[in-house]
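Q: Okay, so here is data_10.cif, and as you'll see once you scroll down, it has mmCIF, C-alpha atoms and all ligand atoms.
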```cif
data_upload
#
loop_
_atom_site.group_PDB
_atom_site.id
_atom_site.type_symbol
_atom_site.label_atom_id
_atom_site.label_comp_id
_atom_site.auth_asym_id
_atom_site.auth_seq_id
_atom_site.Cartn_x
_atom_site.Cartn_y
_atom_site.Cartn_z
ATOM 1 C CA MET A 120 36.254 -83.041 59.174
ATOM 2 C CA LEU A 121 33.998 -83.410 62.254
ATOM 3 C CA ASP A 122 36.426 -81.205 64.217
ATOM 4 C CA LEU A 123 35.827 -78.482 61.638
ATOM 5 C CA LEU A 124 32.054 -78.889 62.001
ATOM 6 C CA PHE A 125 32.260 -78.591 65.803
ATOM 7 C CA GLN A 126 34.455 -75.511 65.394
ATOM 8 C CA ARG A 127 32.342 -73.557 62.876
ATOM 9 C CA ARG A 128 30.100 -70.817 64.276
ATOM 10 C CA SER A 129 28.364 -67.922 62.589
ATOM 11 C CA ILE A 130 30.718 -64.946 62.709
ATOM 12 C CA ARG A 131 29.185 -61.511 62.216
ATOM 13 C CA LYS A 132 32.124 -59.281 63.183
ATOM 14 C CA TYR A 133 35.234 -59.108 61.054
ATOM 15 C CA LYS A 134 38.728 -57.665 61.232
ATOM 16 C CA ASP A 135 39.429 -54.856 58.810
ATOM 17 C CA VAL A 136 41.727 -57.114 56.782
ATOM 18 C CA LYS A 137 41.352 -58.114 53.159
ATOM 19 C CA VAL A 138 40.932 -61.804 52.345
ATOM 20 C CA GLU A 139 43.898 -62.869 50.196
ATOM 21 C CA LYS A 140 43.298 -63.629 46.514
ATOM 22 C CA GLU A 141 44.462 -67.263 46.980
ATOM 23 C CA LYS A 142 41.857 -67.806 49.711
ATOM 24 C CA VAL A 143 39.113 -66.220 47.614
ATOM 25 C CA GLU A 144 40.085 -68.618 44.828
ATOM 26 C CA GLN A 145 39.764 -71.592 47.219
ATOM 27 C CA LEU A 146 36.316 -70.412 48.301
ATOM 28 C CA VAL A 147 35.281 -70.209 44.649
ATOM 29 C CA GLN A 148 36.573 -73.742 44.094
ATOM 30 C CA ALA A 149 34.525 -74.959 47.072
ATOM 31 C CA ALA A 150 31.421 -73.338 45.585
ATOM 32 C CA LEU A 151 32.004 -74.916 42.188
ATOM 33 C CA LEU A 152 32.743 -78.385 43.612
ATOM 34 C CA ALA A 153 29.303 -78.774 45.237
ATOM 35 C CA PRO A 154 27.137 -81.560 43.899
ATOM 36 C CA SER A 155 24.191 -80.652 41.730
ATOM 37 C CA ALA A 156 20.914 -82.341 40.882
ATOM 38 C CA ARG A 157 21.067 -84.029 37.468
ATOM 39 C CA SER A 158 24.567 -82.524 37.109
ATOM 40 C CA VAL A 159 23.128 -79.339 35.601
ATOM 41 C CA TYR A 160 25.170 -77.153 37.959
ATOM 42 C CA SER A 161 22.504 -74.487 38.367
ATOM 43 C CA GLN A 162 24.603 -72.611 40.937
ATOM 44 C CA ARG A 163 25.940 -69.166 40.036
ATOM 45 C CA PHE A 164 28.101 -66.932 42.228
ATOM 46 C CA ILE A 165 28.992 -63.268 42.464
ATOM 47 C CA VAL A 166 32.103 -62.512 44.513
ATOM 48 C CA ILE A 167 31.878 -59.064 46.087
ATOM 49 C CA ASP A 168 34.821 -57.193 47.582
ATOM 50 C CA ASP A 169 33.763 -53.655 46.670
ATOM 51 C CA LYS A 170 33.088 -51.700 49.881
ATOM 52 C CA ASP A 171 30.278 -49.635 48.398
ATOM 53 C CA LEU A 172 28.506 -52.739 47.065
ATOM 54 C CA LEU A 173 28.917 -54.544 50.409
ATOM 55 C CA ASN A 174 27.356 -51.549 52.102
ATOM 56 C CA ARG A 175 24.395 -51.518 49.691
ATOM 57 C CA LEU A 176 23.891 -55.288 49.995
ATOM 58 C CA SER A 177 23.908 -54.982 53.800
ATOM 59 C CA LYS A 178 20.540 -53.231 53.419
ATOM 60 C CA ALA A 179 18.977 -56.177 51.580
ATOM 61 C CA ARG A 180 16.989 -57.250 54.633
ATOM 62 C CA GLU A 181 14.853 -55.302 57.078
ATOM 63 C CA GLN A 182 17.024 -56.990 59.700
ATOM 64 C CA GLY A 183 19.660 -59.717 59.793
ATOM 65 C CA SER A 184 21.995 -58.375 57.108
ATOM 66 C CA SER A 185 23.409 -55.084 58.445
ATOM 67 C CA PHE A 186 26.706 -56.655 59.612
ATOM 68 C CA LEU A 187 27.630 -57.232 55.967
ATOM 69 C CA LYS A 188 28.676 -53.578 55.671
ATOM 70 C CA ASP A 189 31.799 -54.324 57.746
ATOM 71 C CA ALA A 190 32.728 -57.570 55.987
ATOM 72 C CA PRO A 191 35.632 -57.471 53.525
ATOM 73 C CA LEU A 192 34.132 -60.160 51.305
ATOM 74 C CA ALA A 193 30.833 -61.761 50.357
ATOM 75 C CA ILE A 194 29.710 -64.412 47.938
ATOM 76 C CA VAL A 195 26.179 -64.023 46.603
ATOM 77 C CA VAL A 196 24.834 -67.513 45.931
ATOM 78 C CA LEU A 197 22.440 -67.751 42.995
ATOM 79 C CA GLY A 198 20.584 -70.460 41.121
ATOM 80 C CA ASP A 199 19.432 -70.634 37.521
ATOM 81 C CA SER A 200 15.761 -71.559 37.939
ATOM 82 C CA SER A 201 15.398 -72.093 34.176
ATOM 83 C CA VAL A 202 17.563 -75.235 34.264
ATOM 84 C CA ILE A 203 16.151 -77.100 37.271
ATOM 85 C CA ASP A 204 13.341 -76.880 39.829
ATOM 86 C CA VAL A 205 15.619 -77.764 42.755
ATOM 87 C CA TRP A 206 18.019 -74.850 42.186
ATOM 88 C CA THR A 207 17.542 -73.889 45.828
ATOM 89 C CA GLU A 208 18.969 -77.220 47.021
ATOM 90 C CA ASP A 209 21.935 -76.873 44.652
ATOM 91 C CA ALA A 210 22.585 -73.335 45.877
ATOM 92 C CA THR A 211 22.364 -74.185 49.569
ATOM 93 C CA ILE A 212 24.871 -77.012 49.226
ATOM 94 C CA SER A 213 27.344 -74.615 47.597
ATOM 95 C CA ALA A 214 26.717 -72.058 50.338
ATOM 96 C CA THR A 215 27.460 -74.677 53.000
ATOM 97 C CA MET A 216 30.636 -75.762 51.207
ATOM 98 C CA ILE A 217 31.786 -72.123 51.112
ATOM 99 C CA GLN A 218 31.204 -71.796 54.872
ATOM 100 C CA LEU A 219 33.111 -74.978 55.680
ATOM 101 C CA VAL A 220 36.089 -74.135 53.488
ATOM 102 C CA ALA A 221 36.088 -70.604 54.955
ATOM 103 C CA GLU A 222 36.368 -72.185 58.411
ATOM 104 C CA SER A 223 39.216 -74.420 57.236
ATOM 105 C CA LEU A 224 41.074 -71.316 55.991
ATOM 106 C CA GLY A 225 40.784 -69.530 59.344
ATOM 107 C CA LEU A 226 37.994 -67.274 58.094
ATOM 108 C CA GLY A 227 34.677 -66.555 59.773
ATOM 109 C CA SER A 228 31.427 -66.530 57.838
ATOM 110 C CA CYS A 229 27.707 -66.073 58.208
ATOM 111 C CA TRP A 230 24.741 -66.927 56.034
ATOM 112 C CA ILE A 231 22.353 -64.113 55.148
ATOM 113 C CA GLN A 232 19.064 -65.498 53.898
ATOM 114 C CA ILE A 233 17.675 -63.703 50.836
ATOM 115 C CA ARG A 234 15.131 -66.055 49.255
ATOM 116 C CA ASN A 235 11.638 -65.509 50.728
ATOM 117 C CA ARG A 236 12.751 -62.457 52.690
ATOM 118 C CA GLN A 237 11.684 -58.809 52.414
ATOM 119 C CA HIS A 238 13.743 -55.695 51.814
ATOM 120 C CA SER A 239 10.714 -53.510 52.588
ATOM 121 C CA SER A 240 6.933 -53.884 52.497
ATOM 122 C CA SER A 241 6.953 -53.361 48.722
ATOM 123 C CA LYS A 242 10.194 -55.072 47.658
ATOM 124 C CA THR A 243 11.666 -58.496 48.242
ATOM 125 C CA SER A 244 15.305 -58.857 49.255
ATOM 126 C CA GLU A 245 15.790 -60.774 46.033
ATOM 127 C CA GLU A 246 14.467 -57.914 43.846
ATOM 128 C CA TYR A 247 16.631 -55.456 45.744
ATOM 129 C CA ILE A 248 19.772 -57.531 45.007
ATOM 130 C CA GLN A 249 18.793 -58.364 41.424
ATOM 131 C CA ASP A 250 18.575 -54.602 40.729
ATOM 132 C CA ILE A 251 21.932 -53.759 42.293
ATOM 133 C CA LEU A 252 23.877 -56.629 40.721
ATOM 134 C CA GLU A 253 22.051 -56.664 37.357
ATOM 135 C CA ILE A 254 20.808 -60.219 37.833
ATOM 136 C CA PRO A 255 18.155 -61.428 35.352
ATOM 137 C CA SER A 256 14.840 -62.607 36.839
ATOM 138 C CA GLU A 257 15.355 -66.342 36.147
ATOM 139 C CA ILE A 258 18.591 -66.243 38.148
ATOM 140 C CA ARG A 259 17.311 -66.496 41.700
ATOM 141 C CA VAL A 260 19.097 -65.302 44.829
ATOM 142 C CA GLN A 261 19.378 -67.862 47.620
ATOM 143 C CA CYS A 262 21.659 -66.180 50.123
ATOM 144 C CA ILE A 263 24.771 -64.132 50.712
ATOM 145 C CA ILE A 264 27.704 -65.611 52.601
ATOM 146 C CA ALA A 265 29.558 -62.857 54.478
ATOM 147 C CA ILE A 266 33.228 -63.730 54.978
ATOM 148 C CA GLY A 267 36.239 -62.265 56.752
ATOM 149 C CA TYR A 268 38.855 -62.804 59.417
ATOM 150 C CA PRO A 269 36.932 -63.236 62.692
ATOM 151 C CA GLY A 270 36.545 -60.118 64.823
ATOM 152 C CA GLU A 271 34.676 -62.050 67.500
ATOM 153 C CA GLU A 272 35.257 -65.342 69.275
ATOM 154 C CA LYS A 273 32.591 -67.948 69.752
ATOM 155 C CA PRO A 274 32.963 -71.210 71.633
ATOM 156 C CA PRO A 275 33.035 -74.310 69.480
ATOM 157 C CA ARG A 276 30.189 -76.790 69.792
ATOM 158 C CA SER A 277 30.723 -79.825 71.989
ATOM 159 C CA GLN A 278 29.061 -83.208 72.366
ATOM 160 C CA LYS A 279 26.631 -81.742 74.923
ATOM 161 C CA ASP A 280 25.189 -79.429 72.248
ATOM 162 C CA LEU A 281 24.041 -82.365 70.162
ATOM 163 C CA ASN A 282 20.355 -83.099 70.682
ATOM 164 C CA TYR A 283 19.898 -86.736 69.851
ATOM 165 C CA ASP A 284 16.123 -86.407 70.420
ATOM 166 C CA ARG A 285 16.064 -85.147 66.845
ATOM 167 C CA VAL A 286 17.369 -88.460 65.531
ATOM 168 C CA PHE A 287 15.310 -91.595 64.912
ATOM 169 C CA TYR A 288 16.201 -95.033 63.687
ATOM 170 C CA ASN A 289 14.122 -96.987 61.187
ATOM 171 C CA ALA A 290 10.903 -95.014 61.954
ATOM 172 C CA TYR A 291 9.823 -91.680 63.422
ATOM 173 C CA ARG A 292 9.444 -93.075 66.920
ATOM 174 C CA ASN A 293 11.642 -93.714 69.933
HETATM 175 C C1 LIG B 301 19.095 -71.036 56.100
HETATM 176 C C2 LIG B 301 19.807 -70.113 57.056
HETATM 177 C C3 LIG B 301 19.483 -68.782 57.077
HETATM 178 C C4 LIG B 301 20.165 -67.904 57.923
HETATM 179 N N1 LIG B 301 19.912 -66.570 57.832
HETATM 180 C C5 LIG B 301 20.625 -65.706 58.579
HETATM 181 C C6 LIG B 301 20.456 -64.300 58.389
HETATM 182 O O1 LIG B 301 19.712 -63.843 57.525
HETATM 183 N N2 LIG B 301 21.181 -63.468 59.184
HETATM 184 C C7 LIG B 301 22.052 -63.948 60.139
HETATM 185 O O2 LIG B 301 22.671 -63.138 60.834
HETATM 186 N N3 LIG B 301 22.250 -65.281 60.329
HETATM 187 C C8 LIG B 301 21.572 -66.161 59.553
HETATM 188 N N4 LIG B 301 21.805 -67.515 59.672
HETATM 189 C C9 LIG B 301 22.776 -68.020 60.651
HETATM 190 C C10 LIG B 301 22.039 -68.674 61.824
HETATM 191 O O3 LIG B 301 21.459 -67.669 62.634
HETATM 192 C C11 LIG B 301 23.040 -69.541 62.615
HETATM 193 O O4 LIG B 301 23.543 -70.541 61.775
HETATM 194 C C12 LIG B 301 22.401 -70.176 63.848
HETATM 195 O O5 LIG B 301 22.091 -69.186 64.803
HETATM 196 C C13 LIG B 301 23.298 -71.230 64.502
HETATM 197 O O6 LIG B 301 24.506 -70.634 64.930
HETATM 198 P P1 LIG B 301 25.928 -71.153 64.402
HETATM 199 O O7 LIG B 301 25.961 -70.935 62.895
HETATM 200 O O8 LIG B 301 26.935 -70.319 65.120
HETATM 201 O O9 LIG B 301 26.024 -72.613 64.721
HETATM 202 C C14 LIG B 301 21.148 -68.394 58.821
HETATM 203 C C15 LIG B 301 21.463 -69.760 58.798
HETATM 204 C C16 LIG B 301 20.835 -70.598 57.917
HETATM 205 C C17 LIG B 301 21.234 -72.057 57.872
#
```
Would you put the structure from the file into structure tokens?
Ligand SMILES: Cc1cc2nc3c(=O)[nH]c(=O)nc-3n(C[C@H](O)[C@H](O)[C@H](O)COP(=O)(O)O)c2cc1C

A:
Amino acid sequence: MLDLLFQRRSIRKYKDVKVEKEKVEQLVQAALLAPSARSVYSQRFIVIDDKDLLNRLSKAREQGSSFLKDAPLAIVVLGDSSVIDVWTEDATISATMIQLVAESLGLGSCWIQIRNRQHSSSKTSEEYIQDILEIPSEIRVQCIIAIGYPGEEKPPRSQKDLNYDRVFYNAYRN
């Protein structure tokens, strides 16, 4: 498992190759297997493989989302805010699980933040996506995970990348 974590990097360029149905199914299973506060399973997901939709979603952010237009697949990670206040935590765990299983399947992925981000000065990224995908207002949009076979190579992390200054034992002091 740790090997997988060292290996995973954000991949923003993808080969023009479809992700097989069986792999999409495994990504969906990963999303659904994530833990959830009070077991209410507030997470919701929209799997997108339609080129036109991917192109429109790539414009969700003023910057930081344009690479989605060339991805063959995306999973929009949502949370039902009417069932729990910590829907954002539930959603982010699912998003992370999707990224790790993508890595294990030889796929590259990258998180695109949507919550608390702007599409334009007058519209949030969330409103922009809710309109396109017909998402009701209580179903909040956390992020989009862009997925595809890697079209770029990035070096894996190594021990020297780990900053242990960020870690404390028994109190916030060295
Ligand atoms: C909460 C969160 C939001 C992120 N938002 C974006 C984003 O909107 N666009 C993007 O290209 N990358 C985004 N990323 C990816 C980060 O830029 C990336 O994880 C970071 O640079 C570390 O690189 P690595 O994933 O290769 O280890 C996000 C990552 C996280 C965890």

Q: List all protein, DNA and RNA residues that have any atom at most 9 Å from ligand LIG 301 (chain B), counting only C-alpha atoms and all ligand atoms, and write the list as a JSON list (two decimals) with C-alpha atoms, keeping the file's coordinate frame.

A:
```
[["chain", "number", "residue", "atom", "x", "y", "z"],
["A", 125, "PHE", "CA", 32.26, -78.59, 65.80],
["A", 126, "GLN", "CA", 34.46, -75.51, 65.39],
["A", 127, "ARG", "CA", 32.34, -73.56, 62.88],
["A", 128, "ARG", "CA", 30.10, -70.82, 64.28],
["A", 129, "SER", "CA", 28.36, -67.92, 62.59],
["A", 130, "ILE", "CA", 30.72, -64.95, 62.71],
["A", 131, "ARG", "CA", 29.18, -61.51, 62.22],
["A", 180, "ARG", "CA", 16.99, -57.25, 54.63],
["A", 182, "GLN", "CA", 17.02, -56.99, 59.70],
["A", 183, "GLY", "CA", 19.66, -59.72, 59.79],
["A", 184, "SER", "CA", 22.00, -58.38, 57.11],
["A", 185, "SER", "CA", 23.41, -55.08, 58.44],
["A", 186, "PHE", "CA", 26.71, -56.66, 59.61],
["A", 211, "THR", "CA", 22.36, -74.18, 49.57],
["A", 215, "THR", "CA", 27.46, -74.68, 53.00],
["A", 228, "SER", "CA", 31.43, -66.53, 57.84],
["A", 229, "CYS", "CA", 27.71, -66.07, 58.21],
["A", 230, "TRP", "CA", 24.74, -66.93, 56.03],
["A", 231, "ILE", "CA", 22.35, -64.11, 55.15],
["A", 232, "GLN", "CA", 19.06, -65.50, 53.90],
["A", 233, "ILE", "CA", 17.68, -63.70, 50.84],
["A", 236, "ARG", "CA", 12.75, -62.46, 52.69],
["A", 262, "CYS", "CA", 21.66, -66.18, 50.12],
["A", 263, "ILE", "CA", 24.77, -64.13, 50.71],
["A", 273, "LYS", "CA", 32.59, -67.95, 69.75],
["A", 274, "PRO", "CA", 32.96, -71.21, 71.63],
["A", 275, "PRO", "CA", 33.03, -74.31, 69.48],
["A", 276, "ARG", "CA", 30.19, -76.79, 69.79]]
```

Q: Could you jot down the CA of Gly270 (chain A) to CA of Asn174 (chain A) separation for me, Å, one decimal place?

A: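 For CA of Gly270 (chain A) relative to CA of Asn174 (chain A), the distance reads 17.9 Å.
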
Q: Excluding Ile266 (chain A) and its own-chain neighbours fewer than 2 positions away, which residues fall within 7 Å of it when counting only C-alpha atoms? Please give them as a compact mmCIF listing (two decimals) with C-alpha atoms, in the frame of the given file.

A:
```txt
# COMPACT_ATOMS: atom_id res chain seq x y z
CA ALA A 190 32.73 -57.57 55.99
CA PRO A 191 35.63 -57.47 53.52
CA LEU A 192 34.13 -60.16 51.30
CA ALA A 193 30.83 -61.76 50.36
CA LEU A 226 37.99 -67.27 58.09
CA GLY A 227 34.68 -66.56 59.77
CA SER A 228 31.43 -66.53 57.84
CA CYS A 229 27.71 -66.07 58.21
CA ILE A 264 27.70 -65.61 52.60
```

Q: Please expand the PyMOL selection byres (((chain A and resi 175) around 12) and not hetatm) into the concrete residues it hits in this file, giving the result as a compact mmCIF listing (two decimals) with C-alpha atoms, keeping the file's coordinate frame.

A:
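Contents of expr_39.txt, as written:
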```
# COMPACT_ATOMS: atom_id res chain seq x y z
CA ILE A 167 31.88 -59.06 46.09
CA ASP A 169 33.76 -53.66 46.67
CA LYS A 170 33.09 -51.70 49.88
CA ASP A 171 30.28 -49.64 48.40
CA LEU A 172 28.51 -52.74 47.06
CA LEU A 173 28.92 -54.54 50.41
CA ASN A 174 27.36 -51.55 52.10
CA LEU A 176 23.89 -55.29 50.00
CA SER A 177 23.91 -54.98 53.80
CA LYS A 178 20.54 -53.23 53.42
CA ALA A 179 18.98 -56.18 51.58
CA ARG A 180 16.99 -57.25 54.63
CA SER A 184 22.00 -58.38 57.11
CA SER A 185 23.41 -55.08 58.44
CA PHE A 186 26.71 -56.66 59.61
CA LEU A 187 27.63 -57.23 55.97
CA LYS A 188 28.68 -53.58 55.67
CA ASP A 189 31.80 -54.32 57.75
CA HIS A 238 13.74 -55.70 51.81
CA SER A 244 15.30 -58.86 49.26
CA TYR A 247 16.63 -55.46 45.74
CA ILE A 248 19.77 -57.53 45.01
CA ASP A 250 18.58 -54.60 40.73
CA ILE A 251 21.93 -53.76 42.29
CA LEU A 252 23.88 -56.63 40.72
```

Q: Between CA of Ser213 (chain A) and CA of Arg285 (chain A), what is the spacing in Å?

A: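 Taking CA of Arg285 (chain A) and CA of Ser213 (chain A), their separation equals 24.7 Å.
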
Q: Apply the PyMOL selection byres (((chain A and resi 145) around 12) and not hetatm) to the displayed file and report the matching residues as a VMD selection string.

A: chain A and resid 138 to 144 146 to 152 216 to 224 226
